[in-house]
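Peer 1: Let me give you the structure first, and then I'll get to my questions.
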Amino acid sequence: EAPPAGEDEHCFEVTAGKDVGDLGITLSPGNPPGYPEVSAVTPGSWAANEGFQVGDLIIEVQEQDLESMPADKFKQLWKERPLLLFIDPNDDSPATANHEPTIELGSDPRCREVVADVDVEKLGMKLNGAWVERAFPNGWADEVGLQEGDYILKVNGEEVENMPAERFKTLLKKRPLRLYIDPVD
């Protein structure tokens with residue numbers, strides 16, 4: 001059960017402006033009534049850029065609590081822009097503290113590029129959108145120093161922001177693979 005809006009210090013509010021079409025979020029079926037859970041976040045989407053994570057709960061839409069809201073009313077409100085959302089983040093996510101990438105592209109000297117050469121078969125990491133959720137011990141990601149909470153800004157020179165999920169997945173399979181990383185703080 002989610003906390004009432006405003007009572008959890010980790011909760012955050014975001015607004016999708018009139019210029020935002022697809023939010024880039026997939027919700028678990030069956031809610032509301034109840035609090036819909038984010039089941040997928042499209043890499044490079046508005047939601048990814050705002051820091052949404054799998055497991056986040058949507059508590060309010062347009063300042064209206066979803067616990068007992070009828071599904072048809074939710075669907076109507078979900079289409080409105082601007083769209084104000086109140087989110088209870090998935091506290092198990094390594095990137096919960098980073099509700100958005102911490103830097104503008106290229107402005108942080110800590111950002112770095114890592115390369116998976118043609119001999120690298122598997123990347124050895126689990127991603128949640130463009131966030132590194134886990135670097136498996138002794139895998140490529142672990143060997144190049146990637147860690148939970150790192151954010152992929154570019155793949156093979158292409159910015160991840162607004163990149164369709166299928167394009168992102170396709171690029172990750174290419175070798176050599178160049179990833180431009182914003183490291184976790």
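Please note that chains go A, B, ... in the order of the structure tokens, that every chain numbers its residues from 1, and that ligands are numbered from 1 in the order shown.
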Determine which residues of range 47-152 of chain A receive a DSSP assignment of helix (DSSP H, G or I), computed from the backbone, and state them as a list in words.
Peer 2: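 The helix (DSSP H, G or I) subset of range 47-152 of chain A is Ala47, Ala48, Asn49, Ala71, Asp72, Lys73, Phe74, Lys75, Gln76, Leu77, Trp78, Trp140, Ala141, Asp142 and Glu143 of chain A.
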Peer 1: Can you tell me, as a ChimeraX atom specification, what residues are no more than 8 Å from Pro33 in chain A when counting only C-alpha atoms, ignoring any on the same chain fewer than 2 positions away?
Peer 2: /A:30-31,35,66-71
Peer 1: Applying 8 Å and only C-alpha atoms, which residues near Pro43 in chain A remain after dropping the ones on its own chain fewer than 4 positions away? List them as a VMD selection string.
Peer 2: chain A and resid 24 48 129 to 130 160 to 165 168
Peer 1: As a ChimeraX atom specification, please: all residues of range 5-172 of chain A that backbone DSSP puts in strand (DSSP E or B).
Peer 2: /A:12-16,25-27,37-41,57-61,64-65,83-88,112-116,125-128,131-135,151-155,158-159
Peer 1: Pick from A:Asp72, A:Asp185, A:Asp56, A:Glu63: nearest to Asp150 in chain A, with only C-alpha atoms counted?
Peer 2: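 Closest to Asp150 in chain A of all the choices is A:Asp185.
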Peer 1: Looking at A:Arg110, A:Lys73, A:Lys126, A:Arg175, which one is nearest to Gly149 in chain A, with distances taken over only C-alpha atoms?
Peer 2: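 Comparing A:Arg110, A:Lys73, A:Lys126, A:Arg175 against Gly149 in chain A, the winner is A:Lys126.
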Peer 1: Show which residues sit within 12 Å of Glu80 in chain A, as an MDAnalysis selection string. Count only C-alpha atoms, and ignore same-chain residues fewer than 6 positions away.
Peer 2: chainID A and resid 15:23 61:62 73:74
Peer 1: Which is closer to Asp119 in chain A than all the others in A:Val184, A:Leu146, A:Leu172, A:Leu177, using only C-alpha atoms?
Peer 2: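 Between A:Val184, A:Leu146, A:Leu172, A:Leu177, the residue approaching Asp119 in chain A most closely is A:Leu177.
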Peer 1: Any idea what's packed within 10 Å of Trp140 in chain A, counting only C-alpha atoms, ignoring anything in its chain fewer than 5 positions away? Could you give it as a VMD selection string?
Peer 2: chain A and resid 115 to 116 120 to 125 135 145 to 146
Peer 1: Out of A:Gln76, A:Thr170, A:Gln53, A:Asn156, which residue has the shortest atom-to-atom distance to Val132 in chain A when counting only C-alpha atoms?
Peer 2: A:Gln53
Peer 1: Would you list the contacts of Gly55 in chain A as a list in words, taking every protein, DNA or RNA residue within 6 Å and counting only C-alpha atoms, but skipping same-chain residues closer than 5 positions in sequence?
Peer 2: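 Listed by chain and then number, they are Glu37, Val38 and Asn90 of chain A.
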Peer 1: How about saving the chosen residues, N, CA, C and O atoms kept, as a PDB file, in the first residue's frame?
Peer 2:
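Resulting contents of again.pdb:
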ATOM      1  N   GLU A  37       1.401   0.473 -11.052  1.00  0.00           N
ATOM      2  CA  GLU A  37       2.844   0.286 -10.939  1.00  0.00           C
ATOM      3  C   GLU A  37       3.472   0.372 -12.322  1.00  0.00           C
ATOM      4  O   GLU A  37       2.946  -0.167 -13.292  1.00  0.00           O
ATOM      5  N   VAL A  38       4.601   1.066 -12.414  1.00  0.00           N
ATOM      6  CA  VAL A  38       5.336   1.168 -13.667  1.00  0.00           C
ATOM      7  C   VAL A  38       5.991  -0.185 -13.935  1.00  0.00           C
ATOM      8  O   VAL A  38       6.752  -0.685 -13.111  1.00  0.00           O
ATOM      9  N   ASN A  90      10.233   3.403  -6.531  1.00  0.00           N
ATOM     10  CA  ASN A  90      10.624   2.061  -6.126  1.00  0.00           C
ATOM     11  C   ASN A  90      11.915   2.191  -5.333  1.00  0.00           C
ATOM     12  O   ASN A  90      12.968   2.407  -5.894  1.00  0.00           O
TER      13      ASN A  90
END
Peer 1: For Leu77 in chain A, which residue out of A:Gly139, A:Pro32, A:Pro183, A:Gly157 is the nearest one, using only C-alpha atoms?
Peer 2: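 For Leu77 in chain A, the nearest of the given residues is A:Pro32.
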Peer 1: Compare A:Phe86, A:Val114, A:Phe52, A:Val14 by their minimum atom-to-atom distance to Ala141 in chain A, counting only C-alpha atoms, and give me the closest one.
Peer 2: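 Using only C-alpha atoms, Ala141 in chain A sits closest to A:Val114.
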